[in-house]
Amino acid sequence: MALRLLRGCYGAGGRFLSSLAPHLRPAFSDAPASVLQPSSLVLVSMAATGYLAHFGAGDFYAELEDATPKKFAAVTAAGYLLVTLLSTCVMSLGFTTFGAHSAGIILNNYAATDAGATVCRMLLLVSLLGSFPLIFAGMKESYVQLVGLKDDEITDRFQKKIKRIMLAVITFFALCLENTGFVMSFCGSLLCSVVIYVFPCVMNLSLMNRRLRAGDIQKTKRLRLERMFNKSLIGFGGILSLIGGTVTILSYYFPAALGK
């Protein structure tokens with residue numbers, strides 16, 4: 001991406017510019033841009049999807065060598081920092097190259113004849129294939145816990161049946177939905193915001209209440225502040241989810257409502 005930007009391959013007169021559809025060609029405006037606008041929430045929603053790894057936290061901790069809470073926190077912080085740096089780098093290079101016409105999946109902007117982009121698409125496929133089992137395992141375990149099945153009820157036949165049904169549903173939507181940018185933004189605004197901001201705080205508040213009733217902890221100023229912070233995050237997550245979902249739909253399907 002950096003080489004294509006520095007060499008101007010997609011700029012005026014660039015070698016790949018003519019092979020792009022009009023809606024994928026670079027578009028820049030002389031008007032000053034501001035992040036304080038509703039459409040910025042689309043980016044926030046996408047970021048929520050990128051940071052969603054909570055469903056596998058238990059498995060990650062169990063598989064960590066010589067696991068301790070301190071070591072797990074360090075590994076988690078390093079992982080999120082790396083994701084932030086990589087995402088910021090890719091986002092900056094993509095937007096600097098294509099501007100307002102940057103696609104939700106930035107590789108869609110690059111020409112089919114661009115060999116470097118083709119290699120990146122292949123690597124993206126490998127990444128998706130590698131991450132799918134992790135996400136699928138988390139989804140299957142969540143379903144089993146949700147329906148309240150006991151260990152003796154989870155037979156091999158049951159697991160095979162659940163896998164086939166889930167794979168069929170996922171494959172159906174994967175074939176029907178073409179706009180992956182919209183899927184990432186919408187899922188990020190509705191689901192990921194709730195999982196990141198709401199669910200952990202609800203669980204923490206529930207744990208606090210249980211420990212208070214058992215007499216394990218006492219009501220202190222620090223505890224009250226922590227409870228207030230958790231409740232504020234719940235409200236923030238709910239508002240972000242509703243507004244982000246609405247703005248995502250408007251941005252992709254009713255852009256005129258946002259002045260685009």
# chains A, B, ... in the order shown; residues from 1 in each chain; ligands from 1

call {"tool": "residues_around", "arguments": {"residues": "Leu191 of chain A", "least_positions_apart": "4", "cutoff": "12 Å", "atoms": "only C-alpha atoms", "output": "MDAnalysis selection string"}}
result
chainID A and resid 45:46 48:49 52 183:187 195:199 237:238 240:242 244:245

call {"tool": "residues_around", "arguments": {"residues": "Leu64 of chain A", "least_positions_apart": "5", "cutoff": "12 Å", "atoms": "only C-alpha atoms", "output": "list in words"}}
result
Ala57, Gly58, Asp59, Pro69, Lys70, Lys71, Phe72, Ala73, Ala74, Val75 and Thr76 of chain A

call {"tool": "write_last_selection", "arguments": {"atoms": "C-alpha atoms", "output": "mmCIF file, in the first residue's frame"}}
result
data_model
loop_
_atom_site.group_PDB
_atom_site.id
_atom_site.type_symbol
_atom_site.label_atom_id
_atom_site.label_comp_id
_atom_site.auth_asym_id
_atom_site.auth_seq_id
_atom_site.Cartn_x
_atom_site.Cartn_y
_atom_site.Cartn_z
ATOM 1 C CA ALA A 57 -10.627 -14.906 26.567
ATOM 2 C CA GLY A 58 -11.164 -18.026 28.667
ATOM 3 C CA ASP A 59 -9.539 -20.317 26.115
ATOM 4 C CA PRO A 69 -3.561 -12.597 35.582
ATOM 5 C CA LYS A 70 -0.576 -10.252 35.296
ATOM 6 C CA LYS A 71 0.965 -12.186 32.402
ATOM 7 C CA PHE A 72 -2.397 -12.455 30.651
ATOM 8 C CA ALA A 73 -2.924 -8.689 31.002
ATOM 9 C CA ALA A 74 0.510 -8.030 29.474
ATOM 10 C CA VAL A 75 -0.144 -10.359 26.523
ATOM 11 C CA THR A 76 -3.585 -8.828 25.988
#

call {"tool": "residues_around", "arguments": {"residues": "Gly116 of chain A", "least_positions_apart": "2", "cutoff": "12 Å", "atoms": "only C-alpha atoms", "output": "number ranges by chain"}}
result
A: 1-4, 9, 16, 107, 110-114, 118-123

call {"tool": "write_last_selection", "arguments": {"atoms": "all heavy atoms", "output": "short mmCIF file (atom, residue, chain, number, x, y, z; two decimals), in the first residue's frame"}}
result
data_model
loop_
_atom_site.label_atom_id
_atom_site.label_comp_id
_atom_site.auth_asym_id
_atom_site.auth_seq_id
_atom_site.Cartn_x
_atom_site.Cartn_y
_atom_site.Cartn_z
N MET A 1 0.83 -1.20 0.00
CA MET A 1 0.00 0.00 0.00
C MET A 1 0.87 1.25 0.00
O MET A 1 0.57 2.23 -0.70
CB MET A 1 -0.93 -0.01 1.23
CG MET A 1 -1.96 -1.12 1.21
SD MET A 1 -2.98 -1.18 2.71
CE MET A 1 -3.98 0.28 2.47
N ALA A 2 1.93 1.21 0.79
CA ALA A 2 2.83 2.37 0.85
C ALA A 2 3.52 2.58 -0.50
O ALA A 2 3.67 3.72 -0.96
CB ALA A 2 3.85 2.17 1.96
N LEU A 3 3.95 1.49 -1.15
CA LEU A 3 4.61 1.61 -2.45
C LEU A 3 3.66 2.18 -3.50
O LEU A 3 4.05 3.04 -4.30
CB LEU A 3 5.12 0.25 -2.90
CG LEU A 3 6.35 -0.31 -2.15
CD1 LEU A 3 6.65 -1.72 -2.62
CD2 LEU A 3 7.55 0.60 -2.37
N ARG A 4 2.42 1.71 -3.50
CA ARG A 4 1.46 2.21 -4.48
C ARG A 4 1.17 3.70 -4.25
O ARG A 4 1.01 4.47 -5.20
CB ARG A 4 0.15 1.41 -4.40
CG ARG A 4 0.30 -0.06 -4.79
CD ARG A 4 0.64 -0.19 -6.27
NE ARG A 4 0.74 -1.59 -6.68
CZ ARG A 4 1.87 -2.25 -6.79
NH1 ARG A 4 3.02 -1.66 -6.50
NH2 ARG A 4 1.89 -3.52 -7.19
N CYS A 9 0.61 5.18 -8.18
CA CYS A 9 0.00 4.23 -9.12
C CYS A 9 -1.51 4.43 -9.27
O CYS A 9 -2.09 4.02 -10.29
CB CYS A 9 0.27 2.79 -8.65
SG CYS A 9 2.02 2.35 -8.65
N PHE A 16 -2.69 2.14 -12.71
CA PHE A 16 -3.86 1.32 -12.41
C PHE A 16 -5.16 2.13 -12.38
O PHE A 16 -6.23 1.54 -12.22
CB PHE A 16 -3.69 0.63 -11.05
CG PHE A 16 -2.56 -0.36 -11.01
CD1 PHE A 16 -1.47 -0.14 -10.17
CD2 PHE A 16 -2.57 -1.50 -11.80
CE1 PHE A 16 -0.42 -1.04 -10.13
CE2 PHE A 16 -1.53 -2.40 -11.76
CZ PHE A 16 -0.44 -2.18 -10.93
N LEU A 107 -9.06 -3.34 0.15
CA LEU A 107 -8.50 -4.07 -1.00
C LEU A 107 -9.43 -4.02 -2.20
O LEU A 107 -8.98 -4.23 -3.34
CB LEU A 107 -8.24 -5.53 -0.60
CG LEU A 107 -7.00 -5.78 0.26
CD1 LEU A 107 -6.92 -7.23 0.68
CD2 LEU A 107 -5.73 -5.35 -0.46
N TYR A 110 -8.31 -1.57 -4.91
CA TYR A 110 -7.13 -1.84 -5.73
C TYR A 110 -7.51 -2.66 -6.96
O TYR A 110 -8.39 -3.52 -6.92
CB TYR A 110 -6.07 -2.56 -4.90
CG TYR A 110 -5.43 -1.66 -3.87
CD1 TYR A 110 -6.03 -1.47 -2.63
CD2 TYR A 110 -4.25 -0.98 -4.13
CE1 TYR A 110 -5.46 -0.63 -1.67
CE2 TYR A 110 -3.68 -0.14 -3.20
CZ TYR A 110 -4.29 0.03 -1.96
OH TYR A 110 -3.73 0.87 -1.03
N ALA A 111 -6.85 -2.39 -8.05
CA ALA A 111 -7.17 -3.00 -9.34
C ALA A 111 -6.95 -4.51 -9.31
O ALA A 111 -6.07 -5.02 -8.60
CB ALA A 111 -6.32 -2.37 -10.44
N ALA A 112 -7.77 -5.21 -10.11
CA ALA A 112 -7.63 -6.67 -10.21
C ALA A 112 -6.31 -7.05 -10.86
O ALA A 112 -5.80 -8.16 -10.66
CB ALA A 112 -8.80 -7.24 -11.00
N THR A 113 -5.74 -6.13 -11.63
CA THR A 113 -4.46 -6.39 -12.30
C THR A 113 -3.25 -6.03 -11.45
O THR A 113 -2.11 -6.20 -11.89
CB THR A 113 -4.40 -5.60 -13.62
OG1 THR A 113 -4.62 -4.20 -13.34
CG2 THR A 113 -5.46 -6.08 -14.59
N ASP A 114 -3.50 -5.54 -10.25
CA ASP A 114 -2.42 -5.17 -9.33
C ASP A 114 -1.92 -6.43 -8.64
O ASP A 114 -2.61 -7.01 -7.78
CB ASP A 114 -2.95 -4.16 -8.32
CG ASP A 114 -1.83 -3.56 -7.45
OD1 ASP A 114 -0.78 -4.21 -7.31
OD2 ASP A 114 -2.01 -2.45 -6.92
N THR A 118 -3.26 -8.51 -5.27
CA THR A 118 -3.69 -9.90 -5.38
C THR A 118 -3.04 -10.76 -4.30
O THR A 118 -3.69 -11.62 -3.69
CB THR A 118 -3.34 -10.46 -6.77
OG1 THR A 118 -3.99 -9.67 -7.77
CG2 THR A 118 -3.77 -11.91 -6.90
N VAL A 119 -1.76 -10.53 -4.05
CA VAL A 119 -1.08 -11.25 -2.98
C VAL A 119 -1.73 -10.94 -1.63
O VAL A 119 -1.95 -11.83 -0.80
CB VAL A 119 0.42 -10.89 -2.96
CG1 VAL A 119 1.09 -11.50 -1.73
CG2 VAL A 119 1.10 -11.36 -4.23
N CYS A 120 -2.06 -9.67 -1.41
CA CYS A 120 -2.71 -9.26 -0.16
C CYS A 120 -4.08 -9.91 -0.01
O CYS A 120 -4.48 -10.30 1.10
CB CYS A 120 -2.85 -7.74 -0.10
SG CYS A 120 -1.29 -6.86 0.09
N ARG A 121 -4.80 -10.04 -1.10
CA ARG A 121 -6.11 -10.71 -1.05
C ARG A 121 -5.96 -12.18 -0.68
O ARG A 121 -6.77 -12.73 0.07
CB ARG A 121 -6.81 -10.57 -2.41
CG ARG A 121 -7.25 -9.14 -2.74
CD ARG A 121 -8.06 -9.09 -4.03
NE ARG A 121 -8.44 -7.73 -4.34
CZ ARG A 121 -7.84 -6.97 -5.26
NH1 ARG A 121 -6.82 -7.46 -5.96
NH2 ARG A 121 -8.25 -5.73 -5.48
N MET A 122 -4.92 -12.82 -1.19
CA MET A 122 -4.66 -14.21 -0.83
C MET A 122 -4.31 -14.34 0.65
O MET A 122 -4.77 -15.26 1.34
CB MET A 122 -3.54 -14.77 -1.70
CG MET A 122 -3.89 -14.86 -3.18
SD MET A 122 -2.50 -15.39 -4.21
CE MET A 122 -2.19 -17.03 -3.54
N LEU A 123 -3.52 -13.39 1.15
CA LEU A 123 -3.17 -13.41 2.57
C LEU A 123 -4.39 -13.15 3.44
O LEU A 123 -4.53 -13.71 4.53
CB LEU A 123 -2.09 -12.36 2.85
CG LEU A 123 -0.72 -12.63 2.21
CD1 LEU A 123 0.23 -11.46 2.47
CD2 LEU A 123 -0.12 -13.92 2.75
#

call {"tool": "residues_around", "arguments": {"residues": "Asn230 of chain A", "least_positions_apart": "4", "cutoff": "8 Å", "atoms": "only C-alpha atoms", "output": "MDAnalysis selection string"}}
result
chainID A and resid 201:202 204:205 226 234

call {"tool": "write_last_selection", "arguments": {"atoms": "N, CA and C atoms", "output": "tab-separated table (two decimals), in the first residue's frame"}}
result
chain	number	residue	atom	x	y	z
A	201	CYS	N	-19.55	-5.03	31.96
A	201	CYS	CA	-19.97	-4.19	33.09
A	201	CYS	C	-21.14	-4.82	33.84
A	202	VAL	N	-22.07	-5.41	33.08
A	202	VAL	CA	-23.20	-6.09	33.73
A	202	VAL	C	-22.71	-7.25	34.59
A	204	ASN	N	-19.70	-7.56	35.91
A	204	ASN	CA	-18.95	-7.03	37.04
A	204	ASN	C	-19.89	-6.51	38.13
A	205	LEU	N	-20.94	-5.82	37.74
A	205	LEU	CA	-21.92	-5.32	38.71
A	205	LEU	C	-22.62	-6.47	39.42
A	226	GLU	N	-16.52	2.84	41.18
A	226	GLU	CA	-16.40	1.76	40.20
A	226	GLU	C	-17.77	1.36	39.66
A	234	ILE	N	-22.22	1.13	30.51
A	234	ILE	CA	-23.40	0.44	29.98
A	234	ILE	C	-24.24	1.41	29.15

call {"tool": "residues_around", "arguments": {"residues": "Phe98 of chain A", "least_positions_apart": "3", "cutoff": "10 Å", "atoms": "only C-alpha atoms", "output": "tab-separated table (two decimals) with all heavy atoms, in the first residue's frame"}}
result
chain	number	residue	atom	x	y	z
A	5	LEU	N	1.14	4.10	-2.99
A	5	LEU	CA	0.89	5.51	-2.67
A	5	LEU	C	2.07	6.38	-3.08
A	5	LEU	O	1.90	7.43	-3.72
A	5	LEU	CB	0.60	5.66	-1.17
A	5	LEU	CG	0.45	7.08	-0.64
A	5	LEU	CD1	-0.73	7.79	-1.30
A	5	LEU	CD2	0.28	7.07	0.88
A	10	TYR	N	-2.15	5.05	-8.27
A	10	TYR	CA	-3.59	5.28	-8.33
A	10	TYR	C	-3.91	6.78	-8.38
A	10	TYR	O	-5.07	7.16	-8.23
A	10	TYR	CB	-4.29	4.62	-7.15
A	10	TYR	CG	-4.27	3.11	-7.24
A	10	TYR	CD1	-3.23	2.38	-6.68
A	10	TYR	CD2	-5.28	2.42	-7.90
A	10	TYR	CE1	-3.20	0.99	-6.77
A	10	TYR	CE2	-5.25	1.04	-8.00
A	10	TYR	CZ	-4.22	0.34	-7.44
A	10	TYR	OH	-4.19	-1.04	-7.53
A	11	GLY	N	-2.90	7.60	-8.58
A	11	GLY	CA	-3.12	9.03	-8.72
A	11	GLY	C	-3.42	9.38	-10.17
A	11	GLY	O	-3.61	8.51	-11.03
A	24	LEU	N	-14.71	3.72	-7.30
A	24	LEU	CA	-13.54	3.23	-6.55
A	24	LEU	C	-12.30	4.09	-6.77
A	24	LEU	O	-11.28	3.87	-6.12
A	24	LEU	CB	-13.23	1.78	-6.95
A	24	LEU	CG	-14.27	0.72	-6.57
A	24	LEU	CD1	-13.85	-0.65	-7.11
A	24	LEU	CD2	-14.47	0.65	-5.06
A	25	ARG	N	-12.40	5.06	-7.65
A	25	ARG	CA	-11.25	5.92	-7.92
A	25	ARG	C	-11.06	6.94	-6.81
A	25	ARG	O	-12.01	7.30	-6.11
A	25	ARG	CB	-11.44	6.62	-9.26
A	25	ARG	CG	-11.46	5.65	-10.44
A	25	ARG	CD	-11.63	6.37	-11.76
A	25	ARG	NE	-11.65	5.43	-12.87
A	25	ARG	CZ	-11.76	5.78	-14.14
A	25	ARG	NH1	-11.85	7.08	-14.46
A	25	ARG	NH2	-11.78	4.86	-15.09
A	26	PRO	N	-9.83	7.41	-6.62
A	26	PRO	CA	-9.57	8.39	-5.54
A	26	PRO	C	-10.46	9.62	-5.68
A	26	PRO	O	-10.73	10.10	-6.79
A	26	PRO	CB	-8.10	8.74	-5.76
A	26	PRO	CG	-7.53	7.55	-6.46
A	26	PRO	CD	-8.61	7.02	-7.34
A	27	ALA	N	-10.93	10.11	-4.54
A	27	ALA	CA	-11.77	11.32	-4.52
A	27	ALA	C	-11.41	12.13	-3.29
A	27	ALA	O	-11.53	11.65	-2.16
A	27	ALA	CB	-13.26	10.94	-4.49
A	28	PHE	N	-10.94	13.33	-3.52
A	28	PHE	CA	-10.53	14.21	-2.42
A	28	PHE	C	-11.24	15.56	-2.57
A	28	PHE	O	-11.53	16.01	-3.68
A	28	PHE	CB	-9.02	14.42	-2.43
A	28	PHE	CG	-8.24	13.15	-2.22
A	28	PHE	CD1	-7.78	12.42	-3.31
A	28	PHE	CD2	-7.99	12.68	-0.94
A	28	PHE	CE1	-7.07	11.24	-3.12
A	28	PHE	CE2	-7.28	11.51	-0.75
A	28	PHE	CZ	-6.82	10.78	-1.83
A	93	LEU	N	-2.94	4.63	5.13
A	93	LEU	CA	-2.46	4.45	3.77
A	93	LEU	C	-3.62	4.36	2.78
A	93	LEU	O	-3.58	4.94	1.69
A	93	LEU	CB	-1.59	3.21	3.67
A	93	LEU	CG	-0.23	3.28	4.38
A	93	LEU	CD1	0.44	1.91	4.38
A	93	LEU	CD2	0.67	4.31	3.73
A	94	GLY	N	-4.66	3.62	3.15
A	94	GLY	CA	-5.80	3.47	2.27
A	94	GLY	C	-6.53	4.77	2.03
A	94	GLY	O	-6.85	5.12	0.89
A	95	PHE	N	-6.77	5.52	3.12
A	95	PHE	CA	-7.50	6.78	2.96
A	95	PHE	C	-6.66	7.83	2.24
A	95	PHE	O	-7.19	8.62	1.44
A	95	PHE	CB	-7.92	7.31	4.33
A	95	PHE	CG	-8.80	8.53	4.24
A	95	PHE	CD1	-10.15	8.41	3.94
A	95	PHE	CD2	-8.27	9.80	4.44
A	95	PHE	CE1	-10.96	9.53	3.85
A	95	PHE	CE2	-9.07	10.92	4.34
A	95	PHE	CZ	-10.42	10.78	4.05
A	101	HIS	N	-13.61	7.81	-1.44
A	101	HIS	CA	-14.07	6.60	-2.12
A	101	HIS	C	-13.45	5.34	-1.55
A	101	HIS	O	-13.54	4.27	-2.18
A	101	HIS	CB	-13.79	6.70	-3.63
A	101	HIS	CG	-14.77	7.57	-4.36
A	101	HIS	ND1	-14.67	7.85	-5.71
A	101	HIS	CD2	-15.88	8.23	-3.92
A	101	HIS	CE1	-15.66	8.65	-6.07
A	101	HIS	NE2	-16.40	8.90	-5.00
A	102	SER	N	-12.83	5.44	-0.40
A	102	SER	CA	-12.25	4.25	0.24
A	102	SER	C	-13.35	3.25	0.58
A	102	SER	O	-14.35	3.60	1.20
A	102	SER	CB	-11.50	4.64	1.52
A	102	SER	OG	-10.44	5.52	1.23
A	103	ALA	N	-13.18	2.01	0.14
A	103	ALA	CA	-14.19	0.98	0.39
A	103	ALA	C	-14.07	0.45	1.81
A	103	ALA	O	-13.05	0.61	2.48
A	103	ALA	CB	-14.01	-0.16	-0.61
A	106	ILE	N	-10.67	-2.21	2.11
A	106	ILE	CA	-9.84	-1.32	1.28
A	106	ILE	C	-9.24	-2.04	0.08
A	106	ILE	O	-8.98	-1.39	-0.95
A	106	ILE	CB	-8.73	-0.67	2.14
A	106	ILE	CG1	-8.12	0.53	1.41
A	106	ILE	CG2	-7.69	-1.71	2.53
A	106	ILE	CD1	-9.08	1.64	1.12
A	109	ASN	N	-10.61	-1.45	-3.45
A	109	ASN	CA	-10.24	-0.27	-4.24
A	109	ASN	C	-9.10	-0.57	-5.22
A	109	ASN	O	-8.95	0.13	-6.22
A	109	ASN	CB	-9.80	0.87	-3.33
A	109	ASN	CG	-10.96	1.61	-2.71
A	109	ASN	OD1	-11.29	1.39	-1.55
A	109	ASN	ND2	-11.58	2.49	-3.48
A	110	TYR	N	-8.31	-1.57	-4.91
A	110	TYR	CA	-7.13	-1.84	-5.73
A	110	TYR	C	-7.51	-2.66	-6.96
A	110	TYR	O	-8.39	-3.52	-6.92
A	110	TYR	CB	-6.07	-2.56	-4.90
A	110	TYR	CG	-5.43	-1.66	-3.87
A	110	TYR	CD1	-6.03	-1.47	-2.63
A	110	TYR	CD2	-4.25	-0.98	-4.13
A	110	TYR	CE1	-5.46	-0.63	-1.67
A	110	TYR	CE2	-3.68	-0.14	-3.20
A	110	TYR	CZ	-4.29	0.03	-1.96
A	110	TYR	OH	-3.73	0.87	-1.03

call {"tool": "closest_atom_pairs", "arguments": {"of": "segment 34-142 of chain A", "to": "segment 151-164 of chain A", "cutoff": "10 Å", "atoms": "only C-alpha atoms", "output": "CSV"}}
result
residue,atom,partner,partner_atom,distance
A:Phe136,CA,A:Lys163,CA,8.8
A:Ala137,CA,A:Lys163,CA,9.5
A:Lys140,CA,A:Lys163,CA,7.6

call {"tool": "residues_around", "arguments": {"residues": "segment 177-179 of chain A", "least_positions_apart": "6", "cutoff": "10 Å", "atoms": "only C-alpha atoms", "output": "number ranges by chain"}}
result
A: 103-105, 252

call {"tool": "select_by_dssp", "arguments": {"residues": "segment 111-200 of chain A", "states": "alpha helix (DSSP H)", "output": "number ranges by chain"}}
result
A: 115-147, 156-176, 180-187, 193, 199-200

call {"tool": "write_last_selection", "arguments": {"atoms": "C-alpha atoms", "output": "mmCIF file, in the first residue's frame"}}
result
data_model
loop_
_atom_site.group_PDB
_atom_site.id
_atom_site.type_symbol
_atom_site.label_atom_id
_atom_site.label_comp_id
_atom_site.auth_asym_id
_atom_site.auth_seq_id
_atom_site.Cartn_x
_atom_site.Cartn_y
_atom_site.Cartn_z
ATOM 1 C CA ALA A 115 -0.189 -8.129 -8.457
ATOM 2 C CA GLY A 116 0.645 -6.756 -5.018
ATOM 3 C CA ALA A 117 -3.044 -6.373 -4.151
ATOM 4 C CA THR A 118 -3.692 -9.904 -5.379
ATOM 5 C CA VAL A 119 -1.079 -11.254 -2.977
ATOM 6 C CA CYS A 120 -2.709 -9.259 -0.159
ATOM 7 C CA ARG A 121 -6.109 -10.711 -1.054
ATOM 8 C CA MET A 122 -4.662 -14.213 -0.832
ATOM 9 C CA LEU A 123 -3.171 -13.412 2.569
ATOM 10 C CA LEU A 124 -6.536 -12.032 3.681
ATOM 11 C CA LEU A 125 -8.129 -15.318 2.673
ATOM 12 C CA VAL A 126 -5.584 -17.219 4.762
ATOM 13 C CA SER A 127 -6.307 -14.911 7.695
ATOM 14 C CA LEU A 128 -10.060 -15.459 7.411
ATOM 15 C CA LEU A 129 -9.660 -19.219 7.169
ATOM 16 C CA GLY A 130 -7.378 -19.193 10.215
ATOM 17 C CA SER A 131 -9.630 -17.035 12.382
ATOM 18 C CA PHE A 132 -12.911 -18.708 11.435
ATOM 19 C CA PRO A 133 -12.425 -21.806 13.656
ATOM 20 C CA LEU A 134 -11.753 -19.568 16.689
ATOM 21 C CA ILE A 135 -14.902 -17.532 16.132
ATOM 22 C CA PHE A 136 -16.973 -20.599 15.299
ATOM 23 C CA ALA A 137 -15.842 -22.424 18.440
ATOM 24 C CA GLY A 138 -16.788 -19.423 20.577
ATOM 25 C CA MET A 139 -20.203 -19.207 18.931
ATOM 26 C CA LYS A 140 -20.893 -22.932 19.421
ATOM 27 C CA GLU A 141 -19.905 -22.851 23.087
ATOM 28 C CA SER A 142 -22.047 -19.744 23.666
ATOM 29 C CA TYR A 143 -25.053 -21.485 22.141
ATOM 30 C CA VAL A 144 -24.583 -24.552 24.349
ATOM 31 C CA GLN A 145 -24.404 -22.343 27.441
ATOM 32 C CA LEU A 146 -27.368 -20.268 26.327
ATOM 33 C CA VAL A 147 -29.724 -23.237 25.992
ATOM 34 C CA ASP A 156 -21.138 -36.283 19.291
ATOM 35 C CA ARG A 157 -24.323 -36.506 17.246
ATOM 36 C CA PHE A 158 -25.609 -33.276 18.767
ATOM 37 C CA GLN A 159 -22.329 -31.444 18.104
ATOM 38 C CA LYS A 160 -22.256 -32.572 14.471
ATOM 39 C CA LYS A 161 -25.849 -31.430 14.000
ATOM 40 C CA ILE A 162 -25.183 -28.006 15.544
ATOM 41 C CA LYS A 163 -22.049 -27.531 13.438
ATOM 42 C CA ARG A 164 -23.904 -28.327 10.227
ATOM 43 C CA ILE A 165 -26.779 -25.963 11.032
ATOM 44 C CA MET A 166 -24.494 -23.096 12.034
ATOM 45 C CA LEU A 167 -22.244 -23.574 9.017
ATOM 46 C CA ALA A 168 -25.281 -23.613 6.732
ATOM 47 C CA VAL A 169 -26.622 -20.364 8.213
ATOM 48 C CA ILE A 170 -23.226 -18.638 8.067
ATOM 49 C CA THR A 171 -22.605 -19.779 4.498
ATOM 50 C CA PHE A 172 -26.070 -18.599 3.419
ATOM 51 C CA PHE A 173 -25.493 -15.081 4.715
ATOM 52 C CA ALA A 174 -21.938 -15.034 3.339
ATOM 53 C CA LEU A 175 -23.284 -15.769 -0.140
ATOM 54 C CA CYS A 176 -26.152 -13.255 0.099
ATOM 55 C CA THR A 180 -18.665 -6.570 3.717
ATOM 56 C CA GLY A 181 -17.998 -3.004 4.852
ATOM 57 C CA PHE A 182 -21.644 -2.624 5.856
ATOM 58 C CA VAL A 183 -21.635 -5.993 7.618
ATOM 59 C CA MET A 184 -18.553 -5.048 9.657
ATOM 60 C CA SER A 185 -19.929 -1.626 10.573
ATOM 61 C CA PHE A 186 -23.436 -2.799 11.421
ATOM 62 C CA CYS A 187 -22.295 -5.801 13.456
ATOM 63 C CA SER A 193 -20.477 -2.425 21.212
ATOM 64 C CA PHE A 199 -21.826 -7.268 28.982
ATOM 65 C CA PRO A 200 -18.542 -6.998 30.958
#

call {"tool": "atom_distance", "arguments": {"atom1": "atom CA of Tyr51 of chain A", "atom2": "atom CA of Ile249 of chain A"}}
result
21.3 Å

call {"tool": "atom_distance", "arguments": {"atom1": "atom CA of Gly8 of chain A", "atom2": "atom CA of Thr96 of chain A"}}
result
11.0 Å

call {"tool": "atom_distance", "arguments": {"atom1": "atom CA of Thr68 of chain A", "atom2": "atom CA of His54 of chain A"}}
result
17.4 Å
